[in-house]
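**Q** Below is the file input-v4.tsv, with TSV, C-alpha atoms and all ligand atoms.
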```
chain	number	residue	atom	x	y	z
A	1	MET	CA	115.78	93.67	164.35
A	2	GLU	CA	119.02	94.77	162.63
A	3	LYS	CA	119.91	93.62	159.13
A	4	GLN	CA	122.86	91.66	160.58
A	5	SER	CA	120.86	90.12	163.46
A	6	LYS	CA	121.12	86.35	163.80
A	7	ILE	CA	117.68	85.01	162.96
A	8	PHE	CA	116.59	81.38	163.38
A	9	VAL	CA	113.68	80.37	161.14
A	10	ALA	CA	112.51	77.08	162.67
A	11	GLY	CA	110.62	75.00	160.09
A	12	HIS	CA	112.12	76.81	157.06
A	13	ARG	CA	110.99	74.18	154.55
A	14	GLY	CA	107.31	74.49	155.45
A	15	LEU	CA	104.63	76.79	154.04
A	16	LEU	CA	105.30	79.77	156.31
A	17	GLY	CA	109.00	79.07	156.99
A	18	ALA	CA	109.89	79.11	153.28
A	19	SER	CA	107.99	82.35	152.76
A	20	LEU	CA	109.73	83.91	155.77
A	21	ILE	CA	113.15	83.05	154.36
A	22	LYS	CA	112.18	84.68	151.05
A	23	GLU	CA	110.77	87.82	152.73
A	24	LEU	CA	113.64	88.21	155.21
A	25	LEU	CA	116.22	87.98	152.40
A	26	ALA	CA	114.18	90.43	150.29
A	27	GLN	CA	114.22	92.89	153.19
A	28	GLY	CA	118.01	92.58	153.57
A	29	TYR	CA	118.23	90.26	156.57
A	30	ALA	CA	121.18	88.09	155.61
A	31	HIS	CA	122.18	86.23	158.76
A	32	LEU	CA	119.60	83.47	158.76
A	33	ILE	CA	120.01	80.16	160.57
A	34	THR	CA	118.06	77.06	159.56
A	35	ARG	CA	117.94	73.40	160.54
A	36	THR	CA	115.89	70.67	158.92
A	37	HIS	CA	113.80	68.37	161.08
A	38	GLN	CA	116.43	65.65	160.47
A	39	GLU	CA	119.28	67.92	161.60
A	40	LEU	CA	117.52	69.13	164.76
A	41	ASP	CA	114.40	67.55	166.22
A	42	LEU	CA	112.87	70.49	168.07
A	43	THR	CA	110.96	68.19	170.41
A	44	ASP	CA	114.34	67.13	171.86
A	45	ARG	CA	114.89	69.51	174.74
A	46	GLY	CA	118.58	68.59	175.24
A	47	LYS	CA	119.50	69.09	171.58
A	48	VAL	CA	117.52	72.33	171.38
A	49	ASN	CA	119.41	73.68	174.42
A	50	VAL	CA	122.78	72.81	172.91
A	51	PHE	CA	121.74	74.44	169.61
A	52	PHE	CA	120.68	77.71	171.29
A	53	ARG	CA	123.83	77.80	173.45
A	54	ARG	CA	126.11	77.27	170.44
A	55	GLU	CA	124.33	79.30	167.77
A	56	LYS	CA	123.02	82.11	169.97
A	57	PRO	CA	120.16	83.24	167.71
A	58	GLU	CA	118.86	86.71	168.57
A	59	TYR	CA	115.45	86.33	166.94
A	60	VAL	CA	113.35	83.20	166.37
A	61	PHE	CA	110.38	82.60	164.09
A	62	LEU	CA	108.91	79.34	165.40
A	63	THR	CA	107.02	78.01	162.38
A	64	ALA	CA	107.93	74.36	163.06
A	65	GLY	CA	105.11	72.15	164.25
A	66	ARG	CA	102.42	69.70	163.16
A	67	ASN	CA	99.26	71.01	161.53
A	68	GLY	CA	96.82	69.91	158.85
A	69	GLY	CA	93.25	69.86	157.63
A	70	ILE	CA	90.13	68.51	159.33
A	71	LYS	CA	90.93	64.88	158.40
A	72	ALA	CA	94.49	64.97	159.76
A	73	ASN	CA	93.36	66.78	162.92
A	74	ALA	CA	90.65	64.20	163.56
A	75	THR	CA	92.96	61.22	162.83
A	76	TYR	CA	96.10	62.30	164.75
A	77	PRO	CA	94.95	64.51	167.66
A	78	ALA	CA	97.50	63.04	170.08
A	79	ASP	CA	100.40	63.43	167.61
A	80	PHE	CA	99.39	67.02	166.91
A	81	PHE	CA	99.11	67.76	170.62
A	82	HIS	CA	102.40	66.10	171.56
A	83	ALA	CA	104.55	67.50	168.73
A	84	ASN	CA	103.38	71.07	169.19
A	85	ILE	CA	103.57	71.06	173.00
A	86	ALA	CA	107.02	69.45	172.98
A	87	ILE	CA	108.41	71.88	170.35
A	88	GLN	CA	106.96	74.92	172.11
A	89	ASP	CA	108.18	73.84	175.52
A	90	SER	CA	111.74	73.06	174.47
A	91	VAL	CA	112.15	76.12	172.22
A	92	PHE	CA	110.51	78.61	174.63
A	93	GLU	CA	112.62	77.40	177.53
A	94	ALA	CA	115.86	77.58	175.50
A	95	ALA	CA	114.87	81.03	174.18
A	96	GLN	CA	114.32	82.26	177.73
A	97	LYS	CA	117.48	80.68	179.19
A	98	ASN	CA	119.58	82.12	176.39
A	99	GLU	CA	117.83	85.48	176.62
A	100	ILE	CA	117.13	85.84	172.92
A	101	LYS	CA	115.59	89.19	171.92
A	102	HIS	CA	112.24	88.09	170.50
A	103	LEU	CA	110.44	84.93	169.39
A	104	VAL	CA	107.30	84.79	167.25
A	105	PHE	CA	104.98	81.86	168.00
A	106	TYR	CA	102.03	80.92	165.78
A	107	ALA	CA	98.69	79.81	167.20
A	108	SER	CA	95.66	79.25	164.97
A	109	SER	CA	92.04	80.37	164.64
A	110	CYS	CA	90.85	76.98	165.98
A	111	ILE	CA	91.78	78.23	169.48
A	112	TYR	CA	88.48	80.14	169.45
A	113	PRO	CA	85.06	78.64	170.33
A	114	LYS	CA	83.38	76.57	167.60
A	115	ILE	CA	80.26	78.69	167.93
A	116	SER	CA	81.36	82.27	168.27
A	117	ALA	CA	80.29	85.80	167.45
A	118	GLN	CA	82.02	86.90	164.23
A	119	PRO	CA	84.51	88.30	163.48
A	120	MET	CA	86.39	86.71	166.37
A	121	LYS	CA	88.26	89.08	168.68
A	122	GLU	CA	91.31	88.09	170.73
A	123	GLU	CA	89.28	88.27	173.95
A	124	TYR	CA	86.90	85.48	172.78
A	125	LEU	CA	89.60	82.93	173.70
A	126	LEU	CA	88.21	80.41	176.26
A	127	THR	CA	84.68	81.79	176.13
A	128	GLY	CA	83.16	78.57	174.71
A	129	ALA	CA	83.82	74.97	173.66
A	130	ILE	CA	86.28	74.47	170.80
A	131	GLU	CA	85.66	72.36	167.67
A	132	PRO	CA	86.07	68.70	168.78
A	133	THR	CA	87.89	67.53	165.61
A	134	SER	CA	90.80	69.92	166.27
A	135	GLU	CA	90.94	69.90	170.07
A	136	GLY	CA	94.37	68.21	170.38
A	137	TYR	CA	95.96	70.81	168.11
A	138	ALA	CA	93.97	73.71	169.58
A	139	ALA	CA	94.85	72.74	173.17
A	140	ALA	CA	98.56	72.88	172.29
A	141	LYS	CA	98.15	76.26	170.60
A	142	ILE	CA	96.16	77.68	173.54
A	143	ALA	CA	98.92	76.45	175.86
A	144	GLY	CA	101.45	78.23	173.61
A	145	ILE	CA	99.62	81.53	173.93
A	146	PHE	CA	99.54	81.25	177.71
A	147	ALA	CA	103.17	80.16	177.77
A	148	CYS	CA	104.17	83.34	175.85
A	149	ARG	CA	102.18	85.45	178.26
A	150	SER	CA	103.58	83.65	181.33
A	151	TYR	CA	107.24	83.95	180.26
A	152	ASN	CA	106.74	87.65	179.53
A	153	ASN	CA	105.01	88.24	182.87
A	154	GLN	CA	107.45	86.26	184.99
A	155	HIS	CA	110.57	87.73	183.38
A	156	GLN	CA	109.12	91.21	182.78
A	157	THR	CA	110.00	91.17	179.07
A	158	LYS	CA	108.33	91.36	175.67
A	159	ARG	CA	110.40	88.39	174.47
A	160	PHE	CA	107.51	86.18	173.32
A	161	ILE	CA	105.07	87.29	170.62
A	162	ALA	CA	101.98	85.19	169.87
A	163	LEU	CA	100.31	85.62	166.45
A	164	VAL	CA	97.07	83.94	165.35
A	165	PRO	CA	97.03	83.64	161.55
A	166	ASN	CA	93.87	82.35	159.93
A	167	SER	CA	94.04	79.59	157.26
A	168	MET	CA	97.16	80.19	155.21
A	169	PHE	CA	97.74	79.13	151.62
A	170	GLY	CA	100.54	79.51	149.11
A	171	PRO	CA	103.59	77.85	147.55
A	172	ASN	CA	105.33	75.13	149.61
A	173	ASP	CA	102.09	74.00	151.24
A	174	HIS	CA	101.28	70.30	151.77
A	175	PHE	CA	99.20	68.93	148.93
A	176	ASP	CA	98.91	65.32	150.14
A	177	LEU	CA	95.27	64.37	150.44
A	178	ASP	CA	95.47	62.99	153.99
A	179	ASN	CA	97.12	65.98	155.65
A	180	ALA	CA	96.41	68.99	153.48
A	181	HIS	CA	94.29	71.98	154.46
A	182	VAL	CA	91.12	72.57	152.46
A	183	PHE	CA	92.70	75.14	150.13
A	184	SER	CA	95.58	72.97	148.93
A	185	SER	CA	93.63	69.70	148.95
A	186	LEU	CA	91.00	71.23	146.65
A	187	ILE	CA	93.71	72.45	144.28
A	188	ARG	CA	95.11	68.94	144.06
A	189	LYS	CA	91.72	67.22	143.69
A	190	PHE	CA	90.58	69.51	140.88
A	191	HIS	CA	93.98	69.39	139.16
A	192	GLU	CA	94.03	65.58	139.15
A	193	ALA	CA	90.37	65.33	138.15
A	194	LYS	CA	91.05	67.66	135.21
A	195	ASN	CA	94.09	65.63	134.10
A	196	THR	CA	92.29	62.29	134.30
A	197	GLY	CA	89.16	63.68	132.59
A	198	GLU	CA	86.82	63.00	135.58
A	199	ARG	CA	83.26	64.19	134.96
A	200	LYS	CA	82.37	64.52	138.66
A	201	ILE	CA	84.14	65.29	141.91
A	202	VAL	CA	82.68	64.67	145.38
A	203	LEU	CA	83.87	66.97	148.16
A	204	TRP	CA	83.88	66.63	151.95
A	205	GLY	CA	80.93	68.18	153.90
A	206	SER	CA	78.20	70.58	152.81
A	207	GLY	CA	80.39	73.36	151.41
A	208	SER	CA	78.57	75.91	153.59
A	209	PRO	CA	81.21	76.66	156.30
A	210	ARG	CA	82.87	80.01	155.82
A	211	ARG	CA	86.64	80.43	156.14
A	212	GLU	CA	89.06	83.33	155.95
A	213	PHE	CA	92.16	82.62	153.87
A	214	VAL	CA	95.36	84.61	154.10
A	215	PHE	CA	98.20	84.36	151.61
A	216	VAL	CA	101.34	83.06	153.28
A	217	ASP	CA	103.58	85.96	152.13
A	218	ASP	CA	101.24	88.34	153.95
A	219	VAL	CA	101.67	86.36	157.18
A	220	ALA	CA	105.45	86.33	156.68
A	221	LYS	CA	105.41	90.12	156.27
A	222	ALA	CA	103.16	90.44	159.34
A	223	SER	CA	105.63	88.34	161.35
A	224	ILE	CA	108.62	90.48	160.36
A	225	PHE	CA	106.53	93.59	161.08
A	226	ALA	CA	105.74	92.18	164.55
A	227	MET	CA	109.46	91.63	165.26
A	228	GLN	CA	110.28	95.16	164.05
A	229	ASN	CA	107.53	96.60	166.27
A	230	ALA	CA	107.96	94.30	169.25
A	231	GLY	CA	108.34	97.23	171.63
A	232	ARG	CA	104.84	98.47	170.71
A	233	LEU	CA	103.11	95.12	171.27
A	234	GLU	CA	101.03	94.33	174.33
A	235	ASN	CA	101.36	91.02	176.14
A	236	ILE	CA	98.42	89.45	174.27
A	237	HIS	CA	97.98	87.40	171.11
A	238	TYR	CA	97.27	89.22	167.84
A	239	ASN	CA	94.92	87.99	165.09
A	240	ILE	CA	96.28	88.06	161.52
A	241	GLY	CA	93.69	87.75	158.76
A	242	SER	CA	92.80	89.07	155.32
A	243	GLY	CA	89.47	90.44	156.59
A	244	GLN	CA	87.37	88.52	154.04
A	245	ASP	CA	85.77	85.09	154.32
A	246	PHE	CA	84.32	82.72	151.71
A	247	SER	CA	82.16	79.60	151.88
A	248	ILE	CA	83.94	76.39	150.90
A	249	LYS	CA	81.58	76.27	147.90
A	250	GLU	CA	82.79	79.73	146.84
A	251	LEU	CA	86.39	78.62	147.32
A	252	ALA	CA	85.76	75.51	145.21
A	253	ALA	CA	84.29	77.67	142.42
A	254	MET	CA	87.40	79.91	142.41
A	255	ILE	CA	89.71	76.89	142.25
A	256	VAL	CA	87.61	75.30	139.48
A	257	GLU	CA	88.07	78.49	137.47
A	258	VAL	CA	91.85	78.75	137.99
A	259	VAL	CA	92.53	75.03	137.48
A	260	GLY	CA	90.15	74.72	134.53
A	261	PHE	CA	88.15	71.68	135.76
A	262	LYS	CA	85.10	71.14	133.55
A	263	GLY	CA	83.10	68.49	135.49
A	264	ASN	CA	80.42	68.69	138.21
A	265	VAL	CA	81.01	69.25	141.92
A	266	GLU	CA	78.97	67.29	144.49
A	267	TRP	CA	79.06	67.43	148.31
A	268	ASN	CA	79.14	64.49	150.75
A	269	VAL	CA	77.04	65.93	153.56
A	270	SER	CA	77.59	62.84	155.75
A	271	LEU	CA	81.16	64.08	156.48
A	272	PRO	CA	81.71	66.75	159.18
A	273	ASP	CA	81.93	70.45	158.34
A	274	GLY	CA	83.81	71.74	161.38
A	275	ALA	CA	83.06	75.21	162.75
A	276	PRO	CA	80.40	77.10	160.72
A	277	ARG	CA	82.44	80.28	160.37
A	278	LYS	CA	85.97	81.40	161.26
A	279	LEU	CA	86.61	85.05	160.49
A	280	LEU	CA	89.15	86.91	162.59
A	281	ASP	CA	88.88	90.46	163.79
A	282	SER	CA	92.44	91.65	163.08
A	283	SER	CA	91.81	95.29	163.98
A	284	ARG	CA	94.26	95.23	166.89
A	285	PHE	CA	97.16	94.30	164.59
A	286	LEU	CA	95.89	96.53	161.77
A	287	ALA	CA	95.97	99.48	164.19
A	288	LEU	CA	99.75	99.03	164.42
A	289	GLY	CA	100.04	99.69	160.67
A	290	TRP	CA	100.11	96.24	159.01
A	291	ARG	CA	97.91	95.44	155.99
A	292	SER	CA	97.20	92.16	154.19
A	293	GLN	CA	98.04	92.84	150.53
A	294	THR	CA	97.17	89.78	148.47
A	295	GLU	CA	93.72	89.41	146.97
A	296	ILE	CA	92.58	85.76	147.06
A	297	MET	CA	92.48	85.14	143.27
A	298	ASN	CA	96.00	86.54	142.92
A	299	GLY	CA	97.29	84.31	145.70
A	300	LEU	CA	95.43	81.33	144.26
A	301	ARG	CA	97.00	81.83	140.80
A	302	LYS	CA	100.50	82.05	142.35
A	303	THR	CA	99.83	78.92	144.41
A	304	TYR	CA	98.53	76.97	141.42
A	305	GLU	CA	101.52	78.03	139.28
A	306	TRP	CA	103.83	76.74	142.01
A	307	TYR	CA	101.85	73.51	142.35
A	308	ASN	CA	101.95	72.94	138.59
A	309	ARG	CA	105.73	73.34	138.58
A	310	ASN	CA	106.28	71.14	141.64
A	311	SER	CA	103.48	68.57	141.68
A	312	ASN	CA	105.77	65.76	140.50
B	1	LIG	N1	98.97	76.38	157.59
B	1	LIG	C1	98.02	77.11	158.18
B	1	LIG	O1	96.97	77.39	157.58
B	1	LIG	C2	98.22	77.62	159.58
B	1	LIG	C3	97.25	78.48	160.11
B	1	LIG	C4	97.45	78.99	161.40
B	1	LIG	C5	98.59	78.67	162.10
B	1	LIG	N2	99.50	77.82	161.56
B	1	LIG	C6	100.71	77.54	162.35
B	1	LIG	O2	101.77	78.24	161.71
B	1	LIG	C7	102.99	77.50	161.82
B	1	LIG	C8	103.54	77.22	160.43
B	1	LIG	O3	102.59	76.44	159.71
B	1	LIG	P1	102.95	75.82	158.29
B	1	LIG	O4	101.66	75.51	157.64
B	1	LIG	O5	103.98	76.64	157.62
B	1	LIG	O6	103.60	74.42	158.73
B	1	LIG	P2	104.23	73.31	157.77
B	1	LIG	O7	104.15	73.72	156.34
B	1	LIG	O8	103.63	72.01	158.17
B	1	LIG	O9	105.76	73.34	158.17
B	1	LIG	C9	106.15	72.95	159.45
B	1	LIG	C10	107.64	72.68	159.42
B	1	LIG	O10	108.02	72.26	160.72
B	1	LIG	C11	108.94	71.17	160.60
B	1	LIG	N3	108.86	70.33	161.78
B	1	LIG	C12	107.80	69.61	162.22
B	1	LIG	N4	108.12	68.94	163.34
B	1	LIG	C13	109.41	69.26	163.62
B	1	LIG	C14	110.30	68.90	164.65
B	1	LIG	N5	109.95	68.04	165.63
B	1	LIG	N6	111.55	69.41	164.62
B	1	LIG	C15	111.94	70.25	163.63
B	1	LIG	N7	111.15	70.64	162.63
B	1	LIG	C16	109.88	70.15	162.63
B	1	LIG	C17	108.47	70.44	159.36
B	1	LIG	O11	109.51	69.67	158.84
B	1	LIG	P3	109.17	68.16	158.31
B	1	LIG	O12	108.09	68.35	157.26
B	1	LIG	O13	110.48	67.70	157.79
B	1	LIG	O14	108.66	67.41	159.51
B	1	LIG	C18	108.06	71.59	158.44
B	1	LIG	O15	109.15	72.04	157.69
B	1	LIG	C19	102.62	76.23	162.60
B	1	LIG	O16	102.88	76.46	163.96
B	1	LIG	C20	101.14	76.09	162.39
B	1	LIG	O17	100.52	75.39	163.43
B	1	LIG	C21	99.36	77.29	160.31
```
Rewrite the structure of this file - the entire thing - as structure tokens.
Ligand SMILES: NC(=O)c1ccc[n+]([C@@H]2O[C@H](COP(=O)([O-])OP(=O)(O)OC[C@H]3O[C@@H](n4cnc5c(N)ncnc54)[C@H](OP(=O)(O)O)[C@@H]3O)[C@@H](O)[C@H]2O)c1

**A**
Amino acid sequence: MEKQSKIFVAGHRGLLGASLIKELLAQGYAHLITRTHQELDLTDRGKVNVFFRREKPEYVFLTAGRNGGIKANATYPADFFHANIAIQDSVFEAAQKNEIKHLVFYASSCIYPKISAQPMKEEYLLTGAIEPTSEGYAAAKIAGIFACRSYNNQHQTKRFIALVPNSMFGPNDHFDLDNAHVFSSLIRKFHEAKNTGERKIVLWGSGSPRREFVFVDDVAKASIFAMQNAGRLENIHYNIGSGQDFSIKELAAMIVEVVGFKGNVEWNVSLPDGAPRKLLDSSRFLALGWRSQTEIMNGLRKTYEWYNRNSN
């Protein structure tokens, strides 16, 4: 990827898209193309084709899509399935027809079996049943991985790169309580409880599931690294994680400390927990030379600072 290459960051106002814009500019990539959802609906195959034909992007980071926490996944499985499949299908096909150089696609750790040996290696894909609450989303992401592989095989290229980041967090995340991931929804709940002087907060599930969190800037750097090293990649998906997991109870305790909430935390065990543990084995990507750099408390402080500045 040259500094003057034409790079399309699809979904640039989202968590990962915004971080990618920041990292690409910091690394001297100046020719960035963006479109908001309103300007270009990426599920619209005709409009996506016209856009690729006119703009001729050379590189694409496909961060656009629908994703959310356990509640959103369980409430809107069809919407999550449809939006992701439609975006992938229209963008992949336009990328192939227009022979762009490389595209990075993002799957998710929920593609792996709900009950799985840990840490999860790339080859565990399709070795067991996936978590039912996220199956619409996961099915679309699994299809995306196989689409990348199929385009590369059929056209004998390395055009499509599939990355599997674990749970991301950072500035520009969603903090609305219906859609947010656990990290950002806990920040908001504790922040609001502190401001309203609540003495007690009740959280979803048992708090025992373990999750691996990766700061969004680290995933953005991993994505740029993948583009820069595309020639060295195999035609498989690559896990991207921080290498460390925490129980939701441990996460809550860290957020309590950073936010400064003084009340009690209780757990509503009648609500579902999801998969018991989701830790990725990222050794395949690490072997290429990438490292996750942000320690969780550092990333949490940066995220909370951003939330404090933008919560209105
Ligand atoms: N967040 C995570 O923890 C996580 C973990 C693993 C993988 N991933 C994957 O990584 C990618 C980036 O995630 P993210 O959390 O950065 O997502 P995000 O914050 O939800 O941002 C997604 C962006 O896509 C845009 N978008 C959605 N539908 C669109 C459409 N039809 N046409 C054009 N733009 C559309 C959204 O714009 P509007 O808001 O205007 O609709 C938003 O700006 C996604 O593929 C996600 O599935 C995320």

**Q** Could you give me, as JSON, numbers by chain, the residues within 10 Å of stretch 20-34 of chain A, counting all atoms listed in the file and dropping anything in the same chain fewer than 3 positions from it?

**A** {"A": [1, 2, 3, 4, 5, 6, 7, 8, 9, 10, 11, 12, 13, 14, 15, 16, 17, 37, 39, 40, 55, 57, 59, 60, 61, 63, 216, 217, 218, 219, 220, 221, 222, 223, 224]}

**Q** Please report the interatomic distance between atom CA of A:Ile255 and atom CA of A:Ser167 in Å with one decimal.

**A**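 Atom-to-atom, atom CA of A:Ile255 to atom CA of A:Ser167, that is 15.9 Å.
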
**Q** Could you pull out the residues sitting within 9 Å of ligand LIG 1 (chain B), using all atoms listed in the file, and write them as a VMD selection string?

**A** chain A and resid 10 to 19 35 to 44 62 to 69 83 to 84 86 to 87 105 to 110 137 141 163 to 169 172 to 174 180 to 181 183 213 to 214 216

**Q** Would you compute the distance between atom CA of A:Pro209 and atom CA of A:Thr196? Give it in Å to one decimal.

**A**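 We find that atom CA of A:Pro209 and atom CA of A:Thr196 lie 28.5 Å from each other.
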
**Q** Would you please work out which residue, of A:Ala138, A:Ile145, A:Leu300, A:Val50, is nearest to A:Leu251 when using all atoms listed in the file?

**A**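 Closest residue, counting all atoms listed in the file: A:Leu300.
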
**Q** Restricting the calculation to only C-alpha atoms, which member of A:Gly46, A:Pro113, A:Gly260, A:Pro276 is positioned closest to A:Asp245?

**A** A:Pro276

**Q** Distance atom CA of A:Ala140-atom CA of A:Leu125, one decimal place?

**A**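 Between atom CA of A:Ala140 and atom CA of A:Leu125 the gap is 13.5 Å.
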
**Q** Find the residue from A:Asn98, A:Asn308, A:Asn298, A:Ser184 that sits nearest to A:Ala252; use only C-alpha atoms when measuring.

**A**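 Of the candidates, the smallest distance to A:Ala252 is held by A:Ser184.
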
**Q** May I ask which of the residues A:Asn49, A:Thr75, A:Gln118, A:Ser242 is the closest one to A:Lys97, counting only C-alpha atoms?

**A** A:Asn49

**Q** Could you put an axis-aligned box around every listed atom of stretch 55-68 of chain A, padded by 5 Å on each side, and send me its centre and edge lengths in Å to one decimal, as JSON?

**A**
```
{"center_x": 110.6, "center_y": 78.2, "center_z": 164.4, "size_x": 37.5, "size_y": 27.0, "size_z": 21.1}
```

**Q** Report as a ChimeraX atom specification all protein, DNA and RNA residues lying within 12 Å of A:Tyr112, evaluated on all atoms listed in the file, omitting residues in the same chain fewer than 5 positions from it.

**A** /A:107,117-132,134-135,138-139,141-142,164,166,239,275,277-281

**Q** Which is closer to A:Phe92 than all the others in A:Lys194, A:Lys189, A:Lys71, A:Arg149, using all atoms listed in the file?

**A**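 Among the listed residues, the smallest separation from A:Phe92 belongs to A:Arg149.
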
**Q** Name the residues in contact with A:Leu286 at a cut-off of 9 Å, using all atoms listed in the file, excluding same-chain residues fewer than 5 positions from it; report them as a list of chain:residue names.

**A** A:Ile240, A:Arg291, A:Ser292

**Q** Give me the residues near A:Ser150 as a ChimeraX atom specification, where near means some atom within 12 Å (using only C-alpha atoms) and where sequence neighbours in that chain fewer than 5 positions away do not count.

**A** /A:92-93,96,143-145,155-162,235-236

**Q** Skip A:Gly205 itself and residues of its chain fewer than 5 positions away, then list as a PyMOL selection string all residues within 7 Å of it, counting all atoms listed in the file.

**A** chain A and resi 267-273

**Q** For A:Ile115, which of A:Gly274, A:Ser185, A:Asn153, A:Lys262 is the closest residue, counting all atoms listed in the file?

**A**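 Smallest separation from A:Ile115 among the options: A:Gly274.
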